[in-house]
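Colleague: Supplied structure: structure27.csv, CSV, C-alpha atoms and all ligand atoms.
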chain,number,residue,atom,x,y,z
A,1,MET,CA,-20.5,-13.6,9.4
A,2,ASP,CA,-20.6,-16.8,7.4
A,3,ASN,CA,-17.3,-17.8,6.0
A,4,LEU,CA,-16.7,-16.5,2.4
A,5,ARG,CA,-14.6,-17.7,-0.5
A,6,ILE,CA,-12.6,-14.7,-1.6
A,7,GLY,CA,-10.2,-14.3,-4.5
A,8,ILE,CA,-7.6,-11.6,-4.2
A,9,THR,CA,-5.5,-10.2,-7.0
A,10,CYS,CA,-2.7,-7.7,-6.4
A,11,TYR,CA,0.8,-6.8,-7.6
A,12,PRO,CA,2.9,-9.3,-5.7
A,13,VAL,CA,5.9,-7.0,-5.4
A,14,ALA,CA,6.9,-4.7,-2.6
A,15,GLY,CA,4.5,-1.8,-2.7
A,16,GLY,CA,1.6,-0.4,-0.7
A,17,SER,CA,-1.2,-2.0,-2.7
A,18,GLY,CA,0.3,-5.5,-2.6
A,19,ILE,CA,1.1,-5.2,1.1
A,20,VAL,CA,-2.5,-4.1,2.0
A,21,ALA,CA,-4.0,-6.9,-0.2
A,22,THR,CA,-1.7,-9.5,1.4
A,23,GLU,CA,-2.2,-8.4,4.9
A,24,LEU,CA,-6.0,-8.3,4.3
A,25,GLY,CA,-6.0,-11.8,2.9
A,26,ILE,CA,-4.0,-13.1,5.8
A,27,LYS,CA,-6.4,-11.5,8.3
A,28,LEU,CA,-9.4,-12.8,6.5
A,29,ALA,CA,-8.0,-16.3,6.4
A,30,GLU,CA,-7.3,-16.1,10.1
A,31,ARG,CA,-11.0,-15.3,10.6
A,32,GLY,CA,-11.9,-18.5,8.8
A,33,HIS,CA,-12.6,-17.2,5.3
A,34,GLN,CA,-11.2,-19.2,2.4
A,35,VAL,CA,-8.8,-16.8,0.6
A,36,HIS,CA,-7.3,-17.4,-2.9
A,37,PHE,CA,-4.5,-15.2,-4.1
A,38,LEU,CA,-4.2,-15.0,-7.9
A,39,ALA,CA,-1.0,-13.3,-9.2
A,40,TYR,CA,2.1,-13.9,-11.3
A,41,ALA,CA,4.2,-14.5,-8.2
A,42,LEU,CA,3.7,-15.3,-4.5
A,43,PRO,CA,2.8,-12.0,-2.9
A,44,PHE,CA,5.5,-10.2,-0.9
A,45,ARG,CA,4.9,-10.8,2.8
A,46,LEU,CA,3.0,-14.1,2.1
A,47,ASP,CA,6.0,-16.0,3.2
A,48,GLN,CA,4.7,-18.9,5.1
A,49,PHE,CA,2.1,-21.6,5.0
A,50,ARG,CA,-1.1,-20.6,6.5
A,51,PRO,CA,-4.5,-22.4,6.8
A,52,ASN,CA,-7.3,-21.2,4.5
A,53,LEU,CA,-4.8,-19.5,2.2
A,54,TYR,CA,-4.3,-20.6,-1.4
A,55,PHE,CA,-2.0,-19.3,-4.1
A,56,HIS,CA,-2.8,-19.7,-7.8
A,57,GLU,CA,0.1,-18.7,-10.1
A,58,VAL,CA,-0.8,-16.9,-13.3
A,59,GLU,CA,1.6,-17.9,-16.0
A,60,THR,CA,2.3,-15.8,-19.0
A,61,VAL,CA,3.3,-17.3,-22.4
A,62,ALA,CA,6.2,-15.8,-24.4
A,63,TYR,CA,4.9,-16.9,-27.8
A,64,GLN,CA,7.2,-15.5,-30.6
A,65,LEU,CA,4.3,-13.5,-32.2
A,66,PHE,CA,3.8,-11.6,-28.9
A,67,LYS,CA,6.1,-8.6,-28.6
A,68,HIS,CA,5.1,-8.6,-24.9
A,69,PRO,CA,3.6,-11.7,-23.2
A,70,PRO,CA,0.0,-10.7,-22.3
A,71,TYR,CA,-0.8,-10.8,-18.6
A,72,THR,CA,-4.4,-9.6,-18.5
A,73,LEU,CA,-5.7,-12.6,-20.6
A,74,PRO,CA,-4.1,-15.4,-18.5
A,75,LEU,CA,-5.1,-13.6,-15.4
A,76,ALA,CA,-8.7,-13.3,-16.5
A,77,ALA,CA,-8.7,-17.0,-17.5
A,78,LYS,CA,-7.3,-18.0,-14.1
A,79,MET,CA,-9.8,-15.8,-12.3
A,80,ALA,CA,-12.6,-17.5,-14.2
A,81,GLU,CA,-11.2,-21.0,-13.5
A,82,VAL,CA,-10.7,-20.4,-9.8
A,83,SER,CA,-14.0,-18.7,-9.4
A,84,CYS,CA,-15.8,-21.7,-10.9
A,85,GLU,CA,-13.8,-24.4,-9.2
A,86,TRP,CA,-13.8,-22.9,-5.8
A,87,LYS,CA,-17.2,-21.1,-6.1
A,88,LEU,CA,-15.8,-17.8,-5.1
A,89,ASP,CA,-18.2,-15.3,-3.6
A,90,ILE,CA,-16.0,-12.3,-4.3
A,91,LEU,CA,-13.1,-11.3,-6.5
A,92,HIS,CA,-11.3,-8.5,-4.7
A,93,VAL,CA,-8.8,-6.8,-7.0
A,94,HIS,CA,-6.3,-4.3,-5.8
A,95,TYR,CA,-5.2,-1.6,-8.3
A,96,ALA,CA,-7.6,-0.9,-11.1
A,97,ILE,CA,-5.5,-1.9,-14.1
A,98,PRO,CA,-5.2,-4.5,-15.3
A,99,HIS,CA,-6.8,-6.3,-12.4
A,100,ALA,CA,-10.3,-4.8,-12.5
A,101,THR,CA,-10.3,-5.3,-16.3
A,102,ALA,CA,-9.3,-8.9,-16.0
A,103,ALA,CA,-12.0,-9.5,-13.4
A,104,PHE,CA,-14.6,-8.0,-15.7
A,105,LEU,CA,-13.4,-10.4,-18.5
A,106,ALA,CA,-13.5,-13.3,-16.0
A,107,ARG,CA,-17.1,-12.5,-15.0
A,108,GLN,CA,-18.1,-12.5,-18.7
A,109,MET,CA,-16.6,-16.0,-19.0
A,110,THR,CA,-18.5,-17.4,-16.0
A,111,ASP,CA,-22.2,-17.8,-15.7
A,112,CYS,CA,-24.2,-18.4,-12.5
A,113,CYS,CA,-21.1,-18.8,-10.5
A,114,ALA,CA,-19.9,-15.3,-11.2
A,115,PRO,CA,-18.4,-13.7,-8.1
A,116,LYS,CA,-19.0,-10.1,-7.2
A,117,ILE,CA,-16.1,-7.9,-8.2
A,118,ILE,CA,-14.7,-5.4,-5.7
A,119,THR,CA,-12.0,-3.0,-6.8
A,120,THR,CA,-9.8,-1.2,-4.3
A,121,LEU,CA,-8.2,1.9,-5.7
A,122,HIS,CA,-4.8,2.6,-4.1
A,123,GLY,CA,-3.5,5.7,-5.7
A,124,THR,CA,-1.2,5.7,-8.7
A,125,ASP,CA,-3.7,3.6,-10.6
A,126,ILE,CA,-5.8,6.8,-10.5
A,127,THR,CA,-3.5,9.7,-10.1
A,128,LEU,CA,-0.8,8.6,-12.5
A,129,VAL,CA,-1.5,5.5,-14.6
A,130,GLY,CA,-5.3,5.9,-15.0
A,131,ALA,CA,-5.0,9.6,-15.8
A,132,ASP,CA,-2.6,8.7,-18.7
A,133,LYS,CA,-4.6,9.3,-21.8
A,134,SER,CA,-4.1,5.8,-23.2
A,135,PHE,CA,-5.3,4.2,-20.0
A,136,TYR,CA,-8.1,6.6,-19.1
A,137,ASP,CA,-11.1,5.0,-20.8
A,138,ILE,CA,-10.2,1.4,-19.9
A,139,THR,CA,-9.6,2.4,-16.2
A,140,ARG,CA,-12.9,4.3,-16.0
A,141,PHE,CA,-14.7,1.4,-17.7
A,142,SER,CA,-13.2,-1.2,-15.4
A,143,ILE,CA,-13.9,0.8,-12.2
A,144,ARG,CA,-17.5,1.4,-13.3
A,145,ALA,CA,-17.9,-2.3,-14.2
A,146,SER,CA,-17.1,-3.4,-10.6
A,147,ASP,CA,-19.9,-4.3,-8.2
A,148,GLY,CA,-18.1,-2.5,-5.4
A,149,ILE,CA,-15.4,0.2,-5.3
A,150,THR,CA,-13.3,1.1,-2.3
A,151,ALA,CA,-10.6,3.7,-2.0
A,152,VAL,CA,-7.9,4.0,0.7
A,153,SER,CA,-8.7,7.6,1.5
A,154,LYS,CA,-11.3,10.2,1.1
A,155,TYR,CA,-8.7,12.2,-0.8
A,156,LEU,CA,-8.4,9.4,-3.4
A,157,ALA,CA,-12.2,8.8,-3.6
A,158,ASP,CA,-12.7,12.5,-4.3
A,159,GLU,CA,-9.9,12.5,-6.9
A,160,THR,CA,-11.4,9.4,-8.6
A,161,ILE,CA,-14.9,10.9,-8.7
A,162,GLN,CA,-13.5,14.1,-10.1
A,163,GLU,CA,-11.0,12.7,-12.6
A,164,PHE,CA,-13.2,9.8,-13.9
A,165,ALA,CA,-16.7,11.1,-13.3
A,166,ILE,CA,-17.6,8.0,-11.4
A,167,ASP,CA,-21.3,7.9,-10.6
A,168,LYS,CA,-21.2,4.9,-8.2
A,169,PRO,CA,-20.5,5.3,-4.5
A,170,ILE,CA,-16.9,4.7,-3.4
A,171,GLU,CA,-16.4,3.3,0.1
A,172,VAL,CA,-13.5,4.7,1.9
A,173,ILE,CA,-11.6,2.0,3.8
A,174,PRO,CA,-8.2,3.2,5.0
A,175,ASN,CA,-4.9,1.3,5.2
A,176,PHE,CA,-4.2,-0.5,8.4
A,177,ILE,CA,-1.5,-2.0,10.5
A,178,ASP,CA,-1.2,-5.1,12.6
A,179,THR,CA,-0.7,-3.5,16.0
A,180,ALA,CA,0.9,-6.6,17.4
A,181,ARG,CA,3.8,-6.1,14.9
A,182,PHE,CA,4.1,-2.4,14.5
A,183,ASN,CA,5.2,-1.1,17.9
A,184,PRO,CA,7.7,1.3,19.4
A,185,CYS,CA,10.7,-0.4,20.9
A,186,THR,CA,11.8,0.3,24.5
A,187,ALA,CA,15.4,-0.8,24.9
A,188,CYS,CA,16.1,-0.8,21.1
A,189,PRO,CA,19.5,-2.7,21.2
A,190,GLU,CA,19.6,-2.7,17.4
A,191,ARG,CA,19.8,1.0,17.3
A,192,SER,CA,23.5,1.0,18.2
A,193,ARG,CA,24.2,-0.7,14.8
A,194,PHE,CA,23.2,2.5,13.0
A,195,ALA,CA,23.8,5.4,15.4
A,196,SER,CA,25.5,6.4,18.6
A,197,PRO,CA,23.2,7.4,21.5
A,198,GLU,CA,23.6,11.2,20.8
A,199,GLU,CA,22.7,10.8,17.1
A,200,LYS,CA,19.1,11.0,15.9
A,201,ILE,CA,17.9,8.6,13.2
A,202,LEU,CA,15.8,9.7,10.2
A,203,CYS,CA,14.2,7.1,8.0
A,204,HIS,CA,12.5,6.8,4.6
A,205,ILE,CA,10.9,3.8,3.0
A,206,SER,CA,9.6,3.7,-0.6
A,207,ASN,CA,10.0,2.2,-4.0
A,208,PHE,CA,12.3,5.1,-5.1
A,209,ARG,CA,10.0,6.2,-7.8
A,210,PRO,CA,10.1,9.9,-8.9
A,211,VAL,CA,6.7,10.4,-7.2
A,212,LYS,CA,8.4,9.8,-3.8
A,213,ARG,CA,10.9,12.7,-4.2
A,214,VAL,CA,13.7,10.8,-2.5
A,215,MET,CA,16.0,13.6,-3.6
A,216,ASP,CA,14.0,15.8,-1.2
A,217,VAL,CA,14.7,13.3,1.6
A,218,ILE,CA,18.4,13.7,1.0
A,219,GLU,CA,18.1,17.5,1.0
A,220,ILE,CA,16.1,17.5,4.2
A,221,PHE,CA,18.7,15.2,5.8
A,222,ARG,CA,21.6,17.3,4.5
A,223,LEU,CA,20.1,20.4,6.3
A,224,VAL,CA,19.2,18.4,9.5
A,225,GLN,CA,22.7,16.9,9.9
A,226,GLN,CA,24.2,20.4,9.7
A,227,ALA,CA,22.2,21.3,12.8
A,228,LEU,CA,22.5,18.2,14.9
A,229,PRO,CA,24.2,14.7,14.8
A,230,ALA,CA,22.0,12.5,12.7
A,231,ARG,CA,21.9,9.4,10.5
A,232,LEU,CA,19.6,8.4,7.7
A,233,LEU,CA,18.2,5.0,6.9
A,234,LEU,CA,16.9,4.4,3.4
A,235,VAL,CA,14.8,1.3,2.8
A,236,GLY,CA,13.6,0.2,-0.7
A,237,GLU,CA,14.8,0.2,-4.3
A,238,GLY,CA,13.6,1.7,-7.5
A,239,PRO,CA,14.3,3.7,-10.6
A,240,ASP,CA,15.8,6.6,-8.6
A,241,THR,CA,18.2,4.6,-6.5
A,242,MET,CA,21.2,5.4,-8.6
A,243,LEU,CA,20.4,9.1,-8.6
A,244,VAL,CA,19.9,9.1,-4.9
A,245,ARG,CA,23.2,7.3,-4.3
A,246,ARG,CA,25.0,9.9,-6.4
A,247,GLU,CA,23.4,12.8,-4.6
A,248,VAL,CA,24.4,11.3,-1.2
A,249,LYS,CA,28.0,11.0,-2.4
A,250,LYS,CA,28.0,14.4,-4.0
A,251,ASN,CA,27.0,16.0,-0.7
A,252,GLY,CA,29.6,14.0,1.3
A,253,LEU,CA,26.9,12.2,3.2
A,254,ALA,CA,27.9,8.6,2.4
A,255,ASP,CA,29.1,7.8,5.9
A,256,ARG,CA,25.9,9.1,7.5
A,257,VAL,CA,23.4,7.4,5.1
A,258,THR,CA,22.7,3.7,5.1
A,259,PHE,CA,21.0,2.1,2.1
A,260,LEU,CA,19.2,-1.0,3.4
A,261,GLY,CA,17.7,-2.0,0.1
A,262,SER,CA,14.3,-3.7,-0.1
A,263,GLN,CA,13.3,-5.1,3.3
A,264,ASP,CA,10.4,-7.3,4.3
A,265,LYS,CA,10.3,-6.8,8.0
A,266,VAL,CA,10.2,-3.1,8.2
A,267,GLU,CA,8.6,-3.3,11.7
A,268,GLN,CA,12.1,-4.3,12.9
A,269,ILE,CA,13.7,-1.1,11.4
A,270,LEU,CA,11.1,1.6,11.9
A,271,PRO,CA,11.1,1.6,15.8
A,272,LEU,CA,14.8,2.5,15.6
A,273,ALA,CA,14.0,5.9,14.0
A,274,ASP,CA,13.1,9.3,15.5
A,275,LEU,CA,11.5,10.7,12.4
A,276,PHE,CA,10.0,9.4,9.2
A,277,LEU,CA,10.3,11.5,6.0
A,278,CYS,CA,7.6,11.2,3.3
A,279,PRO,CA,7.9,14.3,1.0
A,280,SER,CA,6.0,12.6,-1.9
A,281,GLU,CA,4.4,14.5,-4.7
A,282,GLU,CA,1.4,12.2,-4.5
A,283,GLU,CA,0.4,9.9,-1.7
A,284,SER,CA,-3.1,8.6,-1.7
A,285,PHE,CA,-2.7,7.4,1.9
A,286,GLY,CA,0.9,6.7,2.9
A,287,LEU,CA,1.1,3.2,4.2
A,288,ALA,CA,4.8,3.5,5.1
A,289,ALA,CA,4.0,6.6,7.1
A,290,LEU,CA,1.3,4.8,9.0
A,291,GLU,CA,3.7,1.9,9.7
A,292,ALA,CA,6.2,4.4,11.0
A,293,MET,CA,3.6,6.0,13.3
A,294,GLY,CA,2.6,2.6,14.6
A,295,CYS,CA,6.2,2.2,15.6
A,296,GLY,CA,6.1,5.5,17.4
A,297,VAL,CA,7.8,7.6,14.7
A,298,PRO,CA,6.4,11.0,13.8
A,299,VAL,CA,6.1,11.8,10.1
A,300,ILE,CA,7.2,14.9,8.1
A,301,GLY,CA,5.4,14.8,4.8
A,302,THR,CA,3.5,16.8,2.2
A,303,GLY,CA,0.1,18.3,2.6
A,304,GLY,CA,-2.4,18.3,-0.2
A,305,THR,CA,-2.0,14.5,-0.4
A,306,GLY,CA,-3.8,11.7,1.4
A,307,LEU,CA,-1.3,12.2,4.2
A,308,ILE,CA,-3.7,14.8,5.6
A,309,GLU,CA,-6.0,12.0,6.7
A,310,LEU,CA,-3.1,10.4,8.7
A,311,VAL,CA,-0.9,13.2,10.0
A,312,ASP,CA,-2.1,16.1,12.2
A,313,HIS,CA,0.2,19.0,11.6
A,314,ASP,CA,2.1,20.0,14.7
A,315,VAL,CA,0.4,17.3,16.7
A,316,ASP,CA,1.9,13.9,15.6
A,317,GLY,CA,4.0,15.2,12.6
A,318,PHE,CA,4.2,18.0,10.2
A,319,LEU,CA,2.9,18.6,6.7
A,320,PHE,CA,4.4,21.2,4.2
A,321,PRO,CA,3.9,22.0,0.6
A,322,ILE,CA,5.6,19.7,-2.0
A,323,GLY,CA,9.3,20.6,-2.3
A,324,ASP,CA,9.4,22.8,0.8
A,325,THR,CA,12.5,21.0,2.0
A,326,ALA,CA,13.7,24.0,4.0
A,327,ASP,CA,10.6,24.1,6.2
A,328,MET,CA,10.6,20.4,6.5
A,329,ALA,CA,14.2,20.4,7.7
A,330,SER,CA,13.5,23.3,10.2
A,331,ALA,CA,10.6,21.5,11.7
A,332,ALA,CA,12.6,18.3,12.0
A,333,VAL,CA,15.5,20.1,13.7
A,334,ALA,CA,13.2,21.9,16.1
A,335,LEU,CA,11.4,18.7,17.1
A,336,LEU,CA,14.6,16.6,17.3
A,337,LYS,CA,16.2,19.1,19.6
A,338,ASP,CA,13.3,19.2,22.0
A,339,GLU,CA,13.2,15.8,23.7
A,340,ARG,CA,10.0,16.4,25.7
A,341,ARG,CA,8.1,17.5,22.6
A,342,LEU,CA,9.5,14.7,20.5
A,343,LYS,CA,8.4,12.2,23.2
A,344,GLU,CA,4.8,13.7,23.0
A,345,PHE,CA,4.8,13.5,19.2
A,346,LYS,CA,5.9,9.8,19.4
A,347,LYS,CA,3.2,9.0,21.9
A,348,ARG,CA,0.5,10.7,19.9
A,349,ALA,CA,1.7,9.1,16.6
A,350,THR,CA,1.6,5.6,18.2
A,351,GLU,CA,-1.8,6.2,19.8
A,352,LYS,CA,-3.4,7.4,16.6
A,353,ALA,CA,-2.0,4.6,14.4
A,354,HIS,CA,-3.0,1.9,16.9
A,355,HIS,CA,-6.5,3.4,17.6
A,356,ASP,CA,-7.7,4.7,14.2
A,357,PHE,CA,-5.9,2.3,11.8
A,358,ASN,CA,-6.0,-0.9,13.7
A,359,ALA,CA,-6.3,-4.0,11.5
A,360,ASP,CA,-9.1,-5.5,13.5
A,361,ALA,CA,-11.4,-2.6,12.9
A,362,ILE,CA,-10.5,-2.1,9.2
A,363,VAL,CA,-10.8,-5.8,8.4
A,364,ASP,CA,-14.3,-5.6,10.1
A,365,HIS,CA,-15.1,-2.8,7.7
A,366,TYR,CA,-14.0,-4.8,4.7
A,367,GLU,CA,-16.2,-7.7,5.9
A,368,ARG,CA,-19.2,-5.5,6.3
A,369,TYR,CA,-18.6,-4.1,2.8
A,370,TYR,CA,-18.4,-7.6,1.3
A,371,ARG,CA,-21.7,-8.4,3.0
A,372,GLN,CA,-23.3,-5.3,1.6
A,373,ILE,CA,-22.1,-6.0,-1.9
A,374,LEU,CA,-23.2,-9.7,-1.7
A,375,GLU,CA,-26.6,-8.7,-0.5
A,376,GLY,CA,-27.0,-7.1,-3.9
A,377,ARG,CA,-26.2,-10.5,-5.6
A,378,ASP,CA,-28.6,-11.6,-8.3
A,379,ALA,CA,-31.0,-14.2,-6.9
A,380,THR,CA,-30.1,-16.7,-9.6
A,381,GLY,CA,-28.0,-18.9,-7.2
A,382,GLY,CA,-27.6,-22.4,-8.7
A,383,SER,CA,-24.6,-24.4,-9.5
A,384,CYS,CA,-21.4,-23.3,-10.9
A,385,CYS,CA,-20.9,-23.5,-14.6
A,386,ARG,CA,-19.1,-22.0,-17.5
A,387,ARG,CA,-20.9,-20.1,-20.2
A,388,THR,CA,-18.6,-21.4,-22.9
A,389,PRO,CA,-18.4,-25.2,-23.2
A,390,ARG,CA,-14.7,-26.4,-23.2
B,1,LIG,O1,3.4,4.2,-3.1
B,1,LIG,C1,3.7,3.5,-4.0
B,1,LIG,O2,4.4,3.8,-5.0
B,1,LIG,C2,3.1,2.1,-4.1
B,1,LIG,C3,1.6,2.2,-4.3
B,1,LIG,C4,1.0,0.9,-4.7
B,1,LIG,O3,0.0,1.0,-5.4
B,1,LIG,O4,1.5,-0.2,-4.5
B,1,LIG,O5,1.1,2.7,-3.1
B,1,LIG,C5,-0.2,3.3,-3.1
B,1,LIG,O6,-1.0,2.4,-2.3
B,1,LIG,C6,-0.7,2.4,-0.9
B,1,LIG,C7,-1.6,1.4,-0.2
B,1,LIG,O7,-2.9,1.7,-0.4
B,1,LIG,C8,-0.9,3.8,-0.4
B,1,LIG,O8,-0.6,3.8,1.0
B,1,LIG,C9,0.1,4.8,-1.1
B,1,LIG,O9,-0.1,6.1,-0.6
B,1,LIG,C10,-0.1,4.7,-2.5
B,1,LIG,N1,0.9,5.5,-3.2
B,1,LIG,C11,0.7,6.6,-3.9
B,1,LIG,O10,-0.4,7.2,-3.9
B,1,LIG,C12,1.9,7.2,-4.5
For this file, produce the structure as structure tokens.
Ligand code: GMT
Modeller:
Amino acid sequence: MDNLRIGITCYPVAGGSGIVATELGIKLAERGHQVHFLAYALPFRLDQFRPNLYFHEVETVAYQLFKHPPYTLPLAAKMAEVSCEWKLDILHVHYAIPHATAAFLARQMTDCCAPKIITTLHGTDITLVGADKSFYDITRFSIRASDGITAVSKYLADETIQEFAIDKPIEVIPNFIDTARFNPCTACPERSRFASPEEKILCHISNFRPVKRVMDVIEIFRLVQQALPARLLLVGEGPDTMLVRREVKKNGLADRVTFLGSQDKVEQILPLADLFLCPSEEESFGLAALEAMGCGVPVIGTGGTGLIELVDHDVDGFLFPIGDTADMASAAVALLKDERRLKEFKKRATEKAHHDFNADAIVDHYERYYRQILEGRDATGGSCCRRTPR
């Protein structure tokens, strides 16, 4: 494939959509494409200099008339500027609002150089934010105005079509892992920092938002540690952190639960665990669960979410109804007590994550999709110019 010039916009903070966007950009740059990140900060995990990768900071202005400094407008202006200066082929935005809206505005500002807009839907942009009455119309408009739409699971694509009556095709391109980084450990010397050899380690990673139901994680762990010696590692921070800390204390679990805070290199923590807990209310895909599986850690999560496309119940993990902490804990205890079965689950989890969600194959899919969308490009061609003279 000819090398492309691709602009990528995402939320640069720790969170699934930003991580997918960043890892995708890194992989595309390694393949020789020119990749331009546009965001208000350097994306999380984009921590070192890499060839073919550029970062364009979007600055907001806190003018006294503005109650809140607008972000969408400077983002659109930066998208238009970078599109023209670097002759971008594609603007790939992750998370519908405000990114797809800003991309639409940017395209209106540019002329023959207008890049194709591809919007990747990640989940809460549809299930929570977009479904909020005040955001509904603008989300629907921005999605429909995109040249290409992708969703990270069939579950999310179906939800989007149903919720927003989208009449355009949505390409399902799942989350992925770099299999060179997400691996089980063999000797695991770091394990002894958190648990003794007879103790099992349970792990949870999220942004501690209510949708993640971290209080359920604590309840599952409370039940598990009554049945066998266990420790819990919690990675991430968010609005529920204080609540969770209080619950841990209230249940007398403080000496068995370690709060690791926000962590970048989760591939160094996950392989230490025996089980990953993901009892979310909503999960369009479950990137953290995939990363756990890549490190050989079976997942206990909620069915009726995108996790059904990742976890096979009673094969490489377990899925239960939302809030069914008792059954989640029973399944965890039964599995953790049966070494032979646990080993099989770990093996199957690793194999699936590495085979079905391998970065190489998924980045190929994105490249094919870019090509397909570009083939629909207007035949105008020509030089890059702005519609509005400066
Ligand atoms: O899970 C979060 O709260 C973060 C959120 C995001 O948009 O950054 O993650 C969403 O996108 C991830 C990457 O595609 C998915 O793996 C997560 O399942 C999805 N989260 C939810 O649907 C709650």
Colleague: Using only C-alpha atoms and all ligand atoms, find each protein or nucleic acid residue lying at most 10 Å from ligand LIG 1 (chain B); present the set as a short mmCIF file (atom, residue, chain, number, x, y, z; two decimals) with C-alpha atoms, keeping the file's coordinate frame.
Modeller:
data_model
loop_
_atom_site.label_atom_id
_atom_site.label_comp_id
_atom_site.auth_asym_id
_atom_site.auth_seq_id
_atom_site.Cartn_x
_atom_site.Cartn_y
_atom_site.Cartn_z
CA CYS A 10 -2.70 -7.70 -6.40
CA TYR A 11 0.80 -6.80 -7.60
CA PRO A 12 2.90 -9.30 -5.70
CA VAL A 13 5.90 -7.00 -5.40
CA ALA A 14 6.90 -4.70 -2.60
CA GLY A 15 4.50 -1.80 -2.70
CA GLY A 16 1.60 -0.40 -0.70
CA SER A 17 -1.20 -2.00 -2.70
CA GLY A 18 0.30 -5.50 -2.60
CA ILE A 19 1.10 -5.20 1.10
CA VAL A 20 -2.50 -4.10 2.00
CA ALA A 21 -4.00 -6.90 -0.20
CA HIS A 94 -6.30 -4.30 -5.80
CA TYR A 95 -5.20 -1.60 -8.30
CA ALA A 96 -7.60 -0.90 -11.10
CA THR A 120 -9.80 -1.20 -4.30
CA LEU A 121 -8.20 1.90 -5.70
CA HIS A 122 -4.80 2.60 -4.10
CA GLY A 123 -3.50 5.70 -5.70
CA THR A 124 -1.20 5.70 -8.70
CA ASP A 125 -3.70 3.60 -10.60
CA ILE A 126 -5.80 6.80 -10.50
CA THR A 127 -3.50 9.70 -10.10
CA LEU A 128 -0.80 8.60 -12.50
CA ALA A 151 -10.60 3.70 -2.00
CA VAL A 152 -7.90 4.00 0.70
CA SER A 153 -8.70 7.60 1.50
CA LEU A 156 -8.40 9.40 -3.40
CA ILE A 173 -11.60 2.00 3.80
CA PRO A 174 -8.20 3.20 5.00
CA ASN A 175 -4.90 1.30 5.20
CA PHE A 176 -4.20 -0.50 8.40
CA ILE A 205 10.90 3.80 3.00
CA SER A 206 9.60 3.70 -0.60
CA ASN A 207 10.00 2.20 -4.00
CA PHE A 208 12.30 5.10 -5.10
CA ARG A 209 10.00 6.20 -7.80
CA PRO A 210 10.10 9.90 -8.90
CA VAL A 211 6.70 10.40 -7.20
CA LYS A 212 8.40 9.80 -3.80
CA GLY A 238 13.60 1.70 -7.50
CA SER A 280 6.00 12.60 -1.90
CA GLU A 281 4.40 14.50 -4.70
CA GLU A 282 1.40 12.20 -4.50
CA GLU A 283 0.40 9.90 -1.70
CA SER A 284 -3.10 8.60 -1.70
CA PHE A 285 -2.70 7.40 1.90
CA GLY A 286 0.90 6.70 2.90
CA LEU A 287 1.10 3.20 4.20
CA ALA A 288 4.80 3.50 5.10
CA ALA A 289 4.00 6.60 7.10
CA LEU A 290 1.30 4.80 9.00
CA GLU A 291 3.70 1.90 9.70
CA THR A 305 -2.00 14.50 -0.40
CA GLY A 306 -3.80 11.70 1.40
CA LEU A 307 -1.30 12.20 4.20
#
Colleague: For Leu42 of chain A, find every residue with an atom within 7 Å (counting all atoms listed in the file), except residues of its own chain fewer than 2 positions away, and show them as number ranges by chain.
Modeller: A: 12, 39, 44, 46, 55
Colleague: If you count all atoms listed in the file, which residues fall within 7 Å of segment 262-275 of chain A, apart from same-chain ones fewer than 2 positions away, as a VMD selection string?
Modeller: chain A and resid 45 181 to 185 188 191 200 to 203 235 to 237 260 277 292 295 to 299
Colleague: Using only C-alpha atoms, can you tell me which of A:Cys278, A:Ala103, A:Ile97, A:Ala329 comes closest to Tyr136 of chain A?
Modeller: A:Ile97
Colleague: Nearest to Ala332 of chain A among A:Gln225, A:Lys250, A:Gly303, A:Arg371, with distances taken over only C-alpha atoms: which residue is it?
Modeller: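 Of A:Gln225, A:Lys250, A:Gly303, A:Arg371, the one nearest Ala332 of chain A is A:Gln225, counting only C-alpha atoms.
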Colleague: Would you work out the distance separating atom CA of Glu339 of chain A from atom CA of Ala353 of chain A, expressed in Å to one decimal?
Modeller: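 Atom CA of Ala353 of chain A lies at a distance of 21.0 Å from atom CA of Glu339 of chain A.
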Colleague: So how many Å separate atom CA of Thr72 of chain A and atom CA of Ala102 of chain A, to one decimal?
Modeller: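 Going from atom CA of Thr72 of chain A over to atom CA of Ala102 of chain A covers 5.5 Å.
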Colleague: Work out how far atom CA of Phe276 of chain A is from atom CA of Leu233 of chain A, in Å to one decimal.
Modeller: 9.6 Å
Colleague: Restricting the calculation to all atoms listed in the file: of A:Ile170, A:Val224, A:Ala331, A:Ala349, which residue gets closest to Asp312 of chain A?
Modeller: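 Smallest distance to Asp312 of chain A is found for A:Ala349.
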Colleague: Select, from A:Ile300, A:Glu163, A:Leu228, A:Gly376, the residue with the minimum atom-to-atom distance to Asp132 of chain A, counting only C-alpha atoms.
Modeller: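 Comparing A:Ile300, A:Glu163, A:Leu228, A:Gly376 against Asp132 of chain A, the winner is A:Glu163.
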Colleague: Which one of A:Asp338, A:Asp89, A:Asp316, A:Asp240 sits closest to Asp2 of chain A if you count only C-alpha atoms?
Modeller: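 Selected residue with least distance to Asp2 of chain A: A:Asp89.
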Colleague: Taking (-8.1, -11.6, -16.7) in the file's coordinates, which residues come within 6 Å, counting all atoms listed in the file, written as a list in words?
Modeller: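 So the residues meeting the distance criterion are Thr72, Leu73, Pro74, Leu75, Ala76, Ala77, Ala102, Ala103, Leu105 and Ala106 of chain A.
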